$ cat data-v1.cif   # mmCIF, C-alpha atoms and all ligand atoms
data_entry
#
loop_
_atom_site.label_atom_id
_atom_site.label_comp_id
_atom_site.auth_asym_id
_atom_site.auth_seq_id
_atom_site.Cartn_x
_atom_site.Cartn_y
_atom_site.Cartn_z
CA MET A 251 -20.42 -0.95 3.45
CA ALA A 252 -20.79 2.67 4.48
CA VAL A 253 -22.84 4.76 2.09
CA ASP A 254 -21.96 8.27 3.25
CA PRO A 255 -19.13 9.68 1.17
CA LEU A 256 -15.93 10.20 3.09
CA PRO A 257 -15.15 13.78 4.11
CA SER A 258 -12.57 15.75 2.15
CA PHE A 259 -8.99 15.70 3.36
CA PRO A 260 -6.74 18.78 3.22
CA PRO A 261 -5.23 19.87 -0.09
CA GLY A 262 -1.87 18.27 -0.80
CA PHE A 263 -2.73 15.28 1.41
CA LEU A 264 -0.44 12.29 0.78
CA TRP A 265 -2.46 9.22 -0.10
CA GLY A 266 -0.24 6.20 -0.12
CA ALA A 267 0.25 2.48 0.15
CA SER A 268 3.02 0.81 2.18
CA THR A 269 5.10 -2.34 1.82
CA SER A 270 8.51 -3.45 3.06
CA ALA A 271 11.45 -5.07 1.29
CA HIS A 272 11.67 -8.37 3.15
CA GLN A 273 7.92 -8.87 2.96
CA ILE A 274 7.58 -8.47 -0.82
CA GLU A 275 10.86 -8.50 -2.76
CA GLY A 276 11.93 -12.14 -2.81
CA ALA A 277 15.10 -12.66 -4.92
CA ALA A 278 16.86 -13.59 -1.70
CA HIS A 279 19.72 -15.14 -3.68
CA LEU A 280 20.57 -11.73 -5.12
CA ARG A 281 21.23 -10.07 -1.79
CA GLY A 282 23.15 -10.65 1.42
CA GLN A 283 21.51 -12.53 4.27
CA SER A 284 19.56 -10.75 6.94
CA VAL A 285 18.70 -11.77 10.49
CA TRP A 286 15.29 -12.75 9.10
CA ASP A 287 16.77 -15.34 6.73
CA VAL A 288 18.61 -16.85 9.68
CA PHE A 289 15.50 -16.78 11.88
CA GLU A 290 13.26 -18.35 9.23
CA ALA A 291 15.56 -21.39 9.12
CA ARG A 292 14.85 -22.13 12.80
CA PRO A 293 12.37 -24.97 13.10
CA GLY A 294 9.03 -23.68 14.37
CA ALA A 295 9.93 -19.99 14.08
CA ILE A 296 7.42 -19.29 11.30
CA ARG A 297 3.85 -20.46 11.77
CA ASP A 298 3.45 -21.99 8.30
CA GLY A 299 7.09 -23.00 7.96
CA SER A 300 7.56 -20.65 4.99
CA THR A 301 10.36 -18.23 4.11
CA ALA A 302 10.46 -14.90 2.32
CA ALA A 303 12.89 -16.19 -0.31
CA VAL A 304 10.40 -15.44 -3.12
CA ALA A 305 7.51 -13.67 -1.34
CA CYS A 306 5.70 -11.48 -3.95
CA ASP A 307 8.79 -11.53 -6.17
CA SER A 308 8.56 -7.76 -6.42
CA PHE A 309 12.26 -7.62 -7.21
CA HIS A 310 11.34 -9.00 -10.63
CA ARG A 311 7.79 -7.70 -10.79
CA HIS A 312 8.04 -4.17 -9.44
CA ARG A 313 6.58 -2.78 -12.67
CA GLU A 314 3.34 -4.65 -11.93
CA ASP A 315 3.34 -3.09 -8.46
CA VAL A 316 3.88 0.40 -9.87
CA ALA A 317 1.02 -0.14 -12.35
CA LEU A 318 -1.21 -1.23 -9.45
CA LEU A 319 -0.29 1.90 -7.49
CA ALA A 320 -1.02 4.10 -10.49
CA GLY A 321 -4.36 2.32 -11.06
CA LEU A 322 -5.25 2.81 -7.40
CA GLY A 323 -4.63 6.53 -7.75
CA VAL A 324 -2.35 6.98 -4.74
CA ASN A 325 0.20 9.77 -4.95
CA ALA A 326 2.83 8.11 -2.73
CA TYR A 327 4.39 4.68 -2.16
CA ARG A 328 6.20 3.72 1.01
CA PHE A 329 8.60 0.83 0.39
CA SER A 330 11.79 -0.09 2.18
CA VAL A 331 15.36 -0.29 1.02
CA SER A 332 16.73 -3.61 2.22
CA TRP A 333 20.07 -2.98 3.91
CA PRO A 334 21.58 -6.33 2.81
CA ARG A 335 20.37 -5.75 -0.75
CA ALA A 336 21.67 -2.19 -0.87
CA GLY A 337 25.06 -3.62 0.08
CA SER A 338 24.98 -6.30 -2.67
CA PRO A 339 25.91 -5.91 -6.34
CA GLY A 340 22.96 -4.61 -8.34
CA GLY A 341 20.99 -3.75 -5.21
CA LEU A 342 21.00 0.02 -5.47
CA GLU A 343 20.27 -0.24 -9.19
CA TYR A 344 17.06 -2.08 -8.32
CA TYR A 345 15.94 0.81 -6.12
CA GLU A 346 16.90 3.29 -8.83
CA ARG A 347 14.66 1.46 -11.30
CA LEU A 348 11.82 1.38 -8.79
CA VAL A 349 12.16 5.08 -8.00
CA ASP A 350 12.36 6.05 -11.66
CA ASP A 351 9.27 4.00 -12.50
CA LEU A 352 7.34 5.50 -9.58
CA LEU A 353 8.25 9.02 -10.63
CA ALA A 354 7.25 8.28 -14.22
CA ALA A 355 3.87 7.09 -12.89
CA GLY A 356 3.42 10.27 -10.83
CA VAL A 357 3.84 8.46 -7.49
CA ARG A 358 6.13 9.93 -4.84
CA PRO A 359 8.71 7.40 -3.60
CA VAL A 360 8.89 7.26 0.21
CA PRO A 361 11.70 4.85 1.14
CA THR A 362 12.13 3.48 4.66
CA LEU A 363 15.79 2.79 5.33
CA PHE A 364 15.33 0.04 7.90
CA HIS A 365 12.31 -2.24 8.13
CA TRP A 366 13.79 -4.98 10.36
CA GLU A 367 16.03 -6.73 7.82
CA LEU A 368 19.33 -6.21 9.63
CA PRO A 369 22.28 -7.72 7.75
CA ALA A 370 23.17 -11.08 9.34
CA GLY A 371 26.19 -10.63 11.59
CA LEU A 372 25.15 -7.18 12.79
CA ASP A 373 23.51 -6.77 16.16
CA TRP A 374 21.49 -3.91 17.65
CA LEU A 375 22.97 -4.68 21.06
CA GLU A 376 26.23 -3.27 19.65
CA ARG A 377 26.58 0.48 19.53
CA ASP A 378 28.60 0.29 16.33
CA THR A 379 25.49 -0.90 14.44
CA ALA A 380 24.14 2.65 14.67
CA ALA A 381 27.22 4.00 12.87
CA ARG A 382 27.02 1.22 10.30
CA PHE A 383 23.40 2.17 9.66
CA ALA A 384 24.43 5.79 9.09
CA ASP A 385 26.91 4.56 6.46
CA HIS A 386 24.13 2.57 4.74
CA VAL A 387 21.90 5.66 4.78
CA GLU A 388 24.66 7.81 3.32
CA ARG A 389 25.22 5.37 0.46
CA VAL A 390 21.52 5.14 -0.36
CA ALA A 391 21.04 8.91 -0.16
CA ALA A 392 24.05 9.50 -2.41
CA ARG A 393 22.44 7.27 -5.02
CA LEU A 394 18.75 8.22 -4.75
CA GLY A 395 18.86 11.67 -3.18
CA ASP A 396 18.53 13.47 -6.49
CA ARG A 397 15.11 11.82 -7.03
CA VAL A 398 13.79 11.13 -3.53
CA SER A 399 12.66 13.97 -1.29
CA THR A 400 10.77 12.13 1.47
CA TRP A 401 12.60 9.63 3.68
CA ILE A 402 11.72 7.43 6.64
CA THR A 403 14.62 6.30 8.82
CA LEU A 404 13.31 3.31 10.80
CA ASN A 405 10.16 1.27 10.96
CA GLU A 406 8.77 0.55 14.42
CA PRO A 407 11.83 0.30 16.65
CA ALA A 408 9.40 -0.71 19.43
CA GLU A 409 8.24 -3.90 17.72
CA HIS A 410 11.73 -4.74 16.55
CA THR A 411 13.00 -4.40 20.12
CA ILE A 412 10.15 -6.13 21.89
CA LEU A 413 9.17 -8.87 19.44
CA GLY A 414 12.69 -9.47 18.15
CA HIS A 415 14.91 -8.95 21.17
CA ALA A 416 12.72 -9.24 24.29
CA LEU A 417 10.20 -11.96 23.41
CA GLY A 418 11.95 -13.73 20.55
CA VAL A 419 8.93 -14.18 18.26
CA HIS A 420 10.59 -12.09 15.52
CA ALA A 421 14.15 -12.10 14.23
CA PRO A 422 16.75 -12.14 15.64
CA GLY A 423 14.78 -14.33 18.07
CA ARG A 424 16.29 -13.20 21.34
CA THR A 425 14.43 -13.56 24.64
CA LEU A 426 16.22 -10.93 26.67
CA MET A 427 13.12 -9.37 28.20
CA PHE A 428 14.18 -6.07 29.79
CA ASP A 429 17.82 -6.63 28.85
CA ALA A 430 16.68 -5.87 25.29
CA LEU A 431 16.54 -2.14 26.09
CA PRO A 432 20.01 -1.39 24.64
CA ALA A 433 18.68 -2.55 21.26
CA ALA A 434 16.08 0.21 21.55
CA HIS A 435 18.67 2.83 22.42
CA HIS A 436 20.96 1.88 19.57
CA GLN A 437 18.11 1.98 17.05
CA LEU A 438 17.12 5.41 18.31
CA LEU A 439 20.71 6.55 18.01
CA ALA A 440 20.83 5.08 14.50
CA HIS A 441 17.71 7.07 13.67
CA GLY A 442 19.30 10.33 14.83
CA LEU A 443 22.51 9.66 12.91
CA ALA A 444 20.43 8.85 9.84
CA VAL A 445 18.51 12.12 10.11
CA ARG A 446 21.84 13.96 10.12
CA ALA A 447 23.20 11.95 7.20
CA LEU A 448 20.04 12.59 5.17
CA ARG A 449 20.10 16.29 5.88
CA ALA A 450 23.79 16.44 4.95
CA ALA A 451 22.79 14.83 1.64
CA GLY A 452 20.25 17.62 1.08
CA ALA A 453 17.04 15.88 2.25
CA THR A 454 14.31 18.24 3.44
CA ASP A 455 11.50 15.84 4.35
CA VAL A 456 12.62 13.30 6.93
CA GLY A 457 10.60 11.27 9.43
CA ILE A 458 10.30 7.95 11.24
CA ALA A 459 7.50 5.34 11.29
CA ALA A 460 6.64 4.66 14.94
CA SER A 461 3.95 2.30 16.15
CA HIS A 462 1.43 3.70 18.58
CA SER A 463 -1.19 1.81 20.52
CA PRO A 464 -3.39 3.79 22.90
CA THR A 465 -3.34 1.94 26.19
CA TRP A 466 -6.57 1.43 28.10
CA PRO A 467 -6.58 0.34 31.74
CA LEU A 468 -8.71 -2.73 32.41
CA SER A 469 -10.49 -0.92 35.24
CA ALA A 470 -10.18 2.21 37.34
CA ARG A 471 -8.44 0.16 40.05
CA GLU A 472 -5.09 1.67 40.97
CA GLU A 473 -3.15 -1.48 40.04
CA ASP A 474 -4.75 -1.65 36.59
CA VAL A 475 -4.09 2.03 35.92
CA ALA A 476 -0.46 1.64 37.01
CA ALA A 477 0.00 -1.45 34.83
CA ALA A 478 -1.49 0.37 31.82
CA GLU A 479 0.83 3.32 32.38
CA PHE A 480 3.80 0.99 32.53
CA TYR A 481 2.75 -0.65 29.28
CA ASP A 482 2.26 2.74 27.63
CA VAL A 483 5.82 3.69 28.62
CA LEU A 484 7.22 0.45 27.27
CA MET A 485 5.39 0.29 23.95
CA ASN A 486 4.97 3.95 23.13
CA ARG A 487 6.87 6.47 25.24
CA THR A 488 10.23 4.67 25.44
CA PHE A 489 10.45 5.63 21.78
CA SER A 490 8.37 8.78 21.32
CA ASP A 491 9.70 10.66 24.38
CA PRO A 492 13.37 10.51 23.33
CA LEU A 493 12.44 11.27 19.71
CA LEU A 494 10.19 14.22 20.48
CA LEU A 495 11.31 15.46 23.91
CA GLY A 496 14.95 14.39 23.96
CA ARG A 497 14.56 12.40 27.18
CA TYR A 498 13.56 8.95 28.34
CA PRO A 499 10.57 8.33 30.60
CA ASP A 500 11.57 8.26 34.31
CA GLY A 501 13.86 5.44 35.29
CA LEU A 502 14.79 4.33 31.79
CA ALA A 503 17.88 6.42 31.02
CA GLU A 504 19.70 4.53 33.78
CA LEU A 505 19.09 1.26 31.94
CA MET A 506 20.49 2.49 28.63
CA PRO A 507 24.11 2.08 27.53
CA GLY A 508 26.69 4.75 26.71
CA ASP A 509 26.61 8.50 27.21
CA VAL A 510 22.85 8.69 27.15
CA ASP A 511 22.55 12.48 27.50
CA ALA A 512 24.84 13.11 24.54
CA ASP A 513 23.06 10.45 22.49
CA LEU A 514 19.66 11.97 23.22
CA GLU A 515 20.68 15.14 21.42
CA THR A 516 21.24 13.04 18.33
CA VAL A 517 18.08 10.99 18.84
CA SER A 518 15.92 14.12 19.09
CA GLU A 519 17.09 15.78 15.87
CA ARG A 520 14.19 17.82 14.52
CA LEU A 521 11.88 15.85 12.21
CA ASP A 522 9.86 17.15 9.28
CA PHE A 523 7.08 14.68 9.99
CA TYR A 524 6.27 12.03 12.56
CA GLY A 525 5.00 8.77 11.06
CA VAL A 526 2.43 6.82 13.06
CA ASN A 527 1.58 3.18 12.43
CA TYR A 528 -1.80 2.42 13.97
CA TYR A 529 -3.52 -0.95 14.27
CA ALA A 530 -5.40 -1.22 17.59
CA PRO A 531 -5.46 -0.12 21.24
CA SER A 532 -4.20 -2.33 24.07
CA LEU A 533 -6.29 -3.21 27.12
CA VAL A 534 -3.94 -3.64 30.05
CA GLY A 535 -4.39 -4.71 33.64
CA ALA A 536 -2.35 -5.69 36.66
CA PRO A 537 -0.43 -8.95 36.24
CA THR A 538 -2.58 -12.04 36.48
CA GLY A 539 0.10 -14.66 36.18
CA GLU A 540 -1.65 -15.98 33.10
CA ASN A 541 -0.77 -15.32 29.53
CA SER A 542 -3.23 -13.14 27.79
CA ALA A 543 -2.44 -13.09 24.15
CA TYR A 544 -2.85 -10.15 21.85
CA GLY A 545 -1.77 -10.83 18.34
CA THR A 546 1.79 -12.03 18.33
CA LEU A 547 2.59 -10.60 21.72
CA ASP A 548 2.41 -13.41 24.27
CA VAL A 549 3.44 -12.09 27.59
CA PRO A 550 4.91 -14.61 29.98
CA ALA A 551 3.97 -14.64 33.64
CA GLY A 552 6.14 -12.36 35.74
CA ILE A 553 5.72 -9.30 33.56
CA PRO A 554 4.18 -6.42 35.49
CA PHE A 555 1.03 -6.24 33.39
CA SER A 556 -1.46 -8.48 31.64
CA LEU A 557 -2.99 -7.96 28.22
CA HIS A 558 -6.70 -8.49 27.70
CA GLU A 559 -9.06 -8.95 24.83
CA ILE A 560 -11.13 -5.90 23.94
CA GLU A 561 -14.62 -7.33 23.85
CA GLY A 562 -17.68 -6.28 21.89
CA ARG A 563 -15.69 -5.32 18.79
CA PRO A 564 -15.34 -7.02 15.45
CA LYS A 565 -11.99 -8.77 15.10
CA THR A 566 -9.69 -8.95 12.11
CA HIS A 567 -8.45 -12.32 10.88
CA PHE A 568 -5.41 -11.76 13.10
CA GLY A 569 -7.77 -11.44 16.08
CA TRP A 570 -7.03 -7.75 16.53
CA PRO A 571 -10.02 -5.64 17.61
CA VAL A 572 -11.37 -3.06 15.17
CA VAL A 573 -11.30 0.23 17.10
CA PRO A 574 -11.23 3.21 14.74
CA GLU A 575 -11.61 5.80 17.50
CA GLY A 576 -8.28 4.51 18.84
CA LEU A 577 -6.69 6.29 15.88
CA THR A 578 -8.32 9.61 16.80
CA GLU A 579 -7.25 9.04 20.40
CA THR A 580 -3.67 8.24 19.39
CA LEU A 581 -3.36 11.45 17.43
CA THR A 582 -5.05 13.79 19.89
CA GLY A 583 -3.03 12.07 22.65
CA LEU A 584 0.24 12.72 20.83
CA ARG A 585 -0.69 16.34 20.28
CA GLY A 586 -1.68 16.67 23.96
CA ARG A 587 1.53 15.13 25.23
CA TYR A 588 4.03 16.68 22.82
CA GLY A 589 2.32 19.95 21.85
CA ASP A 590 4.54 22.04 19.58
CA ARG A 591 7.26 19.40 19.71
CA LEU A 592 5.07 17.14 17.57
CA PRO A 593 5.84 17.72 13.88
CA PRO A 594 3.10 17.26 11.27
CA VAL A 595 1.89 13.66 11.39
CA VAL A 596 1.67 11.15 8.57
CA ILE A 597 -0.10 7.82 9.14
CA THR A 598 2.57 5.54 7.71
CA GLU A 599 0.62 2.28 8.25
CA ASN A 600 -3.03 1.47 8.89
CA GLY A 601 -4.78 -1.67 7.75
CA CYS A 602 -6.04 -5.14 8.60
CA SER A 603 -5.78 -8.80 7.73
CA TYR A 604 -8.79 -10.53 6.18
CA PRO A 605 -8.99 -13.40 3.72
CA GLY A 606 -10.86 -13.34 0.40
CA LEU A 607 -11.21 -11.19 -2.67
CA ASP A 608 -14.57 -9.69 -1.77
CA ASP A 609 -13.09 -8.11 1.36
CA GLN A 610 -16.02 -6.07 2.63
CA ASP A 611 -14.62 -6.21 6.18
CA ARG A 612 -11.46 -4.46 5.00
CA ILE A 613 -13.56 -1.80 3.31
CA ALA A 614 -15.49 -1.25 6.54
CA PHE A 615 -12.20 -1.11 8.49
CA LEU A 616 -10.59 1.43 6.16
CA ASP A 617 -13.74 3.53 5.86
CA SER A 618 -14.12 3.80 9.63
CA HIS A 619 -10.43 4.55 10.17
CA LEU A 620 -10.38 7.30 7.55
CA ARG A 621 -13.36 8.90 9.28
CA ALA A 622 -11.55 8.61 12.62
CA LEU A 623 -8.48 10.21 11.05
CA HIS A 624 -10.58 13.05 9.73
CA ARG A 625 -11.98 13.60 13.20
CA ALA A 626 -8.43 14.06 14.53
CA ILE A 627 -7.81 16.67 11.81
CA GLU A 628 -11.04 18.45 12.81
CA GLU A 629 -9.79 18.42 16.38
CA GLY A 630 -6.72 20.30 15.26
CA VAL A 631 -4.06 17.63 14.68
CA ASP A 632 -1.88 18.50 11.69
CA VAL A 633 -2.10 15.28 9.64
CA ARG A 634 -0.51 15.39 6.21
CA GLY A 635 -0.99 11.87 4.86
CA TRP A 636 -2.26 8.30 5.25
CA PHE A 637 -0.69 5.09 3.93
CA VAL A 638 -2.62 1.85 3.84
CA TRP A 639 -0.88 -1.32 4.97
CA SER A 640 -0.59 -2.91 2.54
CA LEU A 641 -0.61 -2.72 -1.25
CA LEU A 642 -0.08 -6.49 -1.55
CA ASP A 643 -0.66 -9.62 0.49
CA ASN A 644 2.85 -10.36 1.67
CA TYR A 645 5.15 -12.20 4.05
CA GLU A 646 3.68 -11.40 7.44
CA TRP A 647 6.83 -12.16 9.43
CA ASN A 648 6.42 -15.04 11.89
CA GLU A 649 2.87 -15.61 10.58
CA GLY A 650 4.22 -16.49 7.14
CA TYR A 651 1.65 -16.11 4.37
CA GLU A 652 -1.44 -16.78 6.50
CA GLN A 653 -2.34 -13.17 7.23
CA ARG A 654 -3.41 -11.18 4.19
CA PHE A 655 -3.15 -7.42 4.60
CA GLY A 656 -3.22 -6.49 0.89
CA LEU A 657 -5.63 -4.49 -1.23
CA VAL A 658 -4.29 -6.83 -3.90
CA HIS A 659 -4.41 -10.60 -3.56
CA VAL A 660 -1.19 -12.45 -4.36
CA ASP A 661 -1.32 -16.10 -5.38
CA PHE A 662 1.74 -17.47 -3.59
CA ASP A 663 1.28 -20.84 -5.28
CA SER A 664 1.66 -19.46 -8.80
CA PRO A 665 5.16 -18.98 -10.21
CA GLU A 666 4.05 -15.55 -11.48
CA ARG A 667 2.80 -14.55 -8.04
CA THR A 668 -0.38 -13.47 -9.81
CA ARG A 669 -1.78 -10.23 -8.43
CA THR A 670 -5.56 -9.74 -8.32
CA PRO A 671 -7.07 -6.51 -6.98
CA LYS A 672 -9.64 -7.11 -4.25
CA ALA A 673 -12.92 -5.25 -3.70
CA SER A 674 -11.07 -2.92 -1.29
CA TYR A 675 -8.74 -1.83 -4.09
CA ALA A 676 -11.67 -0.65 -6.21
CA TRP A 677 -13.25 0.96 -3.17
CA LEU A 678 -10.13 2.96 -2.26
CA ARG A 679 -9.64 3.96 -5.91
CA ASP A 680 -13.17 5.41 -5.91
CA VAL A 681 -12.58 7.14 -2.57
CA LEU A 682 -9.44 8.79 -3.95
CA ARG A 683 -11.16 9.85 -7.16
CA ALA A 684 -13.79 11.63 -5.07
CA GLN A 685 -11.17 13.57 -3.08
CA PRO A 686 -10.50 17.18 -4.10
C1 LIG B 1 4.83 -3.72 10.46
C2 LIG B 1 4.52 -4.44 9.16
C3 LIG B 1 3.52 -5.55 9.43
C4 LIG B 1 2.25 -4.93 9.96
C5 LIG B 1 1.14 -5.93 10.24
C6 LIG B 1 3.62 -3.48 11.33
O1 LIG B 1 3.98 -3.74 12.64
O2 LIG B 1 5.54 -2.54 10.21
O3 LIG B 1 5.72 -4.90 8.62
O4 LIG B 1 3.30 -6.35 8.33
O5 LIG B 1 2.52 -4.26 11.15
O6 LIG B 1 1.47 -6.80 11.26
#

$ encode --input "data-v1.cif" --output "C-alpha cells"
Amino acid sequence: MAVDPLPSFPPGFLWGASTSAHQIEGAAHLRGQSVWDVFEARPGAIRDGSTAAVACDSFHRHREDVALLAGLGVNAYRFSVSWPRAGSPGGLEYYERLVDDLLAAGVRPVPTLFHWELPAGLDWLERDTAARFADHVERVAARLGDRVSTWITLNEPAEHTILGHALGVHAPGRTLMFDALPAAHHQLLAHGLAVRALRAAGATDVGIAASHSPTWPLSAREEDVAAAEFYDVLMNRTFSDPLLLGRYPDGLAELMPGDVDADLETVSERLDFYGVNYYAPSLVGAPTGENSAYGTLDVPAGIPFSLHEIEGRPKTHFGWPVVPEGLTETLTGLRGRYGDRLPPVVITENGCSYPGLDDQDRIAFLDSHLRALHRAIEEGVDVRGWFVWSLLDNYEWNEGYEQRFGLVHVDFDSPERTRTPKASYAWLRDVLRAQP
C-alpha cells in the first residue's frame, strides 16, 4: 500500500461511487422486462448461468446502500434509473425514495437515464427508440427534477453498441458486426434529445458517461499504427467526435441512417460536463487472423485489427492490465483533440475487479489512478469529480457474479444480501477525510 498521502483535489470536487440499476436492484418481478432479462435466459449467455433477478436487492435495501455511502464520506452517488422500472407502477416512487434518502444523507444524487437495460421489445436499430427514450427522460425529470440537479443521459453507448449489437456478448445479443452502427447513431440521437428534454425541465448540469480507452499501436510499423487508429475511431471517436465536434470521423457518416447532418446538431448539444469511464488502454496491431482476447471483447478473425495483451503489468481478476498513466493520457488526449469543445470532465467510472475482503490490490489500483488523475489536473485538464466503480459487488453482466468490483462485499448466497465493507472502503474513507 502506498504510504505517501494523496495530493489535494480542487475545492468542490465531486467524490462519488457508481452503480447501475440492473446490476444492483433486483426486484425484477416489480418492473417490466428488459433486453437483459431476455438475454440472461439464453443458455450459455452468462458465464455462471445466473440472472440479475435479485442481484444486491437494492430495491429493498437501498437504505443500507445510502448508509454505506454516508459512512464512506462521498458527496455524490451515481445510480441509474431503470427504464422498464420507471415505466412500471411504483417505479418512480422507488427513485423518489432513493433521492430523498440521499439528500437527507448529504449525498448528491447523480442519475444515469440509460445504463443498458432497454425495455424488451424496443430496439436501438429503430430510430423511434430515440424518441421513446426522450419521453422516458421527460417523465423522470418531471418527477425528480425538483430534487436532482446533475444528470447523465447514457452510459457507454460504445460498449452497448459493440458488445451488445456487434459481437453479441451482451444483451440484446446481436452479432451484426459493422451493421451495428445504426444502434450507435440512434443512441447518440437519443442522448441529444435527452439533453434537450432535461434542459426544458430546468436541468443545468447535464452530461454523458462515455468509455475511453487510449489505444496503443503494437509497434511503429505502418500497419500496426493504422490498425490502432482504426480501433481508436471505433471505440472512442465514433462517439466522442459527434458528441463534442458535431461530426463523425471520416467515412462513418455515410454508414449512418437518416438525415445525419440534422441529427448531429442534436447529438452535439452543449454539455455541462463530459463523463469518462476509464479502465485500461488497448494494445492494437494489424490483423493476425487469430483471436486475441481482452476482457470480454473477443475479436473474430477478419476484423481489421488484433488486440494484444499489455505485458509487464499487474492484472486485475478480470485480466485487465493496471495502467494508471492511461488515465492521464486519456484526459490530456481528450483536451488535446477537443480543446475548448471539451467541457469540464468528471470521471464517472474507474475501478477494478478483485476477490476478497482484504483487497490490497484494489487499494493500490485506486491509489495509483487517483495520482494519475491528479497529474492530468496539474497538466491543465479541468476535472471536477471522480466516481469509483463500484460501491457494491454486483451483477457484472455476462460475467454474472464472478467479478467483484465493489468497495463493499455482497454475499449473494445470503437472503439478506449481507454487505460487508472491504479494506478498500476504509482506505477510501480515510483518503476522503484527509481531503480539504
Ligand atoms: C460499465 C459497468 C461495468 C463496468 C465493469 C463499465 O463498462 O458501465 O456497468 O460493470 O464497466 O465492467

$ residues_near_ligand --input "data-v1.cif" --ligand "ligand LIG 1 (chain B)" --cutoff "10 Å" --atoms "all atoms listed in the file" --output "JSON, numbers by chain"
{"A": [268, 269, 270, 271, 272, 273, 365, 366, 404, 405, 406, 407, 408, 409, 410, 413, 459, 460, 461, 462, 527, 528, 529, 545, 546, 568, 598, 599, 600, 601, 602, 603, 639, 640, 643, 644, 645, 646, 647, 648, 649, 653, 654, 655, 656]}

$ closest_residue --input "data-v1.cif" --among "A:Gly294, A:Pro531, A:Gly496, A:Gly299" --to "A:Glu579" --atoms "only C-alpha atoms"
A:Pro531

$ residues_around --input "data-v1.cif" --residues "A:Tyr344" --least-positions-apart "6" --cutoff "10 Å" --atoms "only C-alpha atoms" --output "PyMOL selection string"
chain A and resi 309-310+312+331+335-336+350

$ atom_distance --input "data-v1.cif" --atom1 "atom CA of A:Trp333" --atom2 "atom CA of A:Phe428"
26.7 Å

$ residues_around --input "data-v1.cif" --residues "A:Val631" --least-positions-apart "3" --cutoff "10 Å" --atoms "all atoms listed in the file" --output "mmCIF file with C-alpha atoms, in the coordinates of the input"
data_model
loop_
_atom_site.group_PDB
_atom_site.id
_atom_site.type_symbol
_atom_site.label_atom_id
_atom_site.label_comp_id
_atom_site.auth_asym_id
_atom_site.auth_seq_id
_atom_site.Cartn_x
_atom_site.Cartn_y
_atom_site.Cartn_z
ATOM 1 C CA THR A 578 -8.320 9.610 16.800
ATOM 2 C CA LEU A 581 -3.360 11.450 17.430
ATOM 3 C CA THR A 582 -5.050 13.790 19.890
ATOM 4 C CA GLY A 583 -3.030 12.070 22.650
ATOM 5 C CA LEU A 584 0.240 12.720 20.830
ATOM 6 C CA ARG A 585 -0.690 16.340 20.280
ATOM 7 C CA GLY A 586 -1.680 16.670 23.960
ATOM 8 C CA GLY A 589 2.320 19.950 21.850
ATOM 9 C CA LEU A 592 5.070 17.140 17.570
ATOM 10 C CA PRO A 593 5.840 17.720 13.880
ATOM 11 C CA PRO A 594 3.100 17.260 11.270
ATOM 12 C CA VAL A 595 1.890 13.660 11.390
ATOM 13 C CA LEU A 623 -8.480 10.210 11.050
ATOM 14 C CA HIS A 624 -10.580 13.050 9.730
ATOM 15 C CA ARG A 625 -11.980 13.600 13.200
ATOM 16 C CA ALA A 626 -8.430 14.060 14.530
ATOM 17 C CA ILE A 627 -7.810 16.670 11.810
ATOM 18 C CA GLU A 628 -11.040 18.450 12.810
ATOM 19 C CA ARG A 634 -0.510 15.390 6.210
#

$ closest_residue --input "data-v1.cif" --among "A:Asp491, A:Val633, A:Gly442, A:Val638" --to "A:Ile613" --atoms "only C-alpha atoms"
A:Val638

$ atom_distance --input "data-v1.cif" --atom1 "atom CA of A:Trp570" --atom2 "atom CA of A:Tyr524"
24.2 Å

$ residues_around --input "data-v1.cif" --residues "stretch 473-490 of chain A" --least-positions-apart "6" --cutoff "6 Å" --atoms "all atoms listed in the file" --output "list in words"
His462, Thr465, Pro467, Val534, Gly535, Ala536 and Phe555 of chain A

$ atom_distance --input "data-v1.cif" --atom1 "atom CA of A:Leu642" --atom2 "atom CA of A:His659"
6.3 Å

$ closest_residue --input "data-v1.cif" --among "A:Val517, A:Ala440, A:Asp611, A:Val285" --to "A:Gly414" --atoms "only C-alpha atoms"
A:Val285

$ residues_near_point --input "data-v1.cif" --point "(25.0, 13.4, 16.8)" --cutoff "9 Å" --atoms "all atoms listed in the file" --output "PDB file with C-alpha atoms, in the coordinates of the input"
ATOM      1  CA  LEU A 439      20.710   6.550  18.010  1.00  0.00           C
ATOM      2  CA  GLY A 442      19.300  10.330  14.830  1.00  0.00           C
ATOM      3  CA  LEU A 443      22.510   9.660  12.910  1.00  0.00           C
ATOM      4  CA  ARG A 446      21.840  13.960  10.120  1.00  0.00           C
ATOM      5  CA  ALA A 512      24.840  13.110  24.540  1.00  0.00           C
ATOM      6  CA  ASP A 513      23.060  10.450  22.490  1.00  0.00           C
ATOM      7  CA  LEU A 514      19.660  11.970  23.220  1.00  0.00           C
ATOM      8  CA  GLU A 515      20.680  15.140  21.420  1.00  0.00           C
ATOM      9  CA  THR A 516      21.240  13.040  18.330  1.00  0.00           C
ATOM     10  CA  VAL A 517      18.080  10.990  18.840  1.00  0.00           C
ATOM     11  CA  GLU A 519      17.090  15.780  15.870  1.00  0.00           C
TER      12      GLU A 519
END

$ residues_around --input "data-v1.cif" --residues "A:Pro574" --least-positions-apart "2" --cutoff "6 Å" --atoms "all atoms listed in the file" --output "list in words"
Gly576, Leu577, Ser618, His619 and Ala622 of chain A

$ residues_around --input "data-v1.cif" --residues "A:Ser258" --least-positions-apart "6" --cutoff "9 Å" --atoms "only C-alpha atoms" --output "PyMOL selection string"
chain A and resi 624+684-686

$ write_last_selection --input "data-v1.cif" --atoms "C-alpha atoms" --output "PDB file, in the frame of the given file"
ATOM      1  CA  HIS A 624     -10.580  13.050   9.730  1.00  0.00           C
ATOM      2  CA  ALA A 684     -13.790  11.630  -5.070  1.00  0.00           C
ATOM      3  CA  GLN A 685     -11.170  13.570  -3.080  1.00  0.00           C
ATOM      4  CA  PRO A 686     -10.500  17.180  -4.100  1.00  0.00           C
TER       5      PRO A 686
END
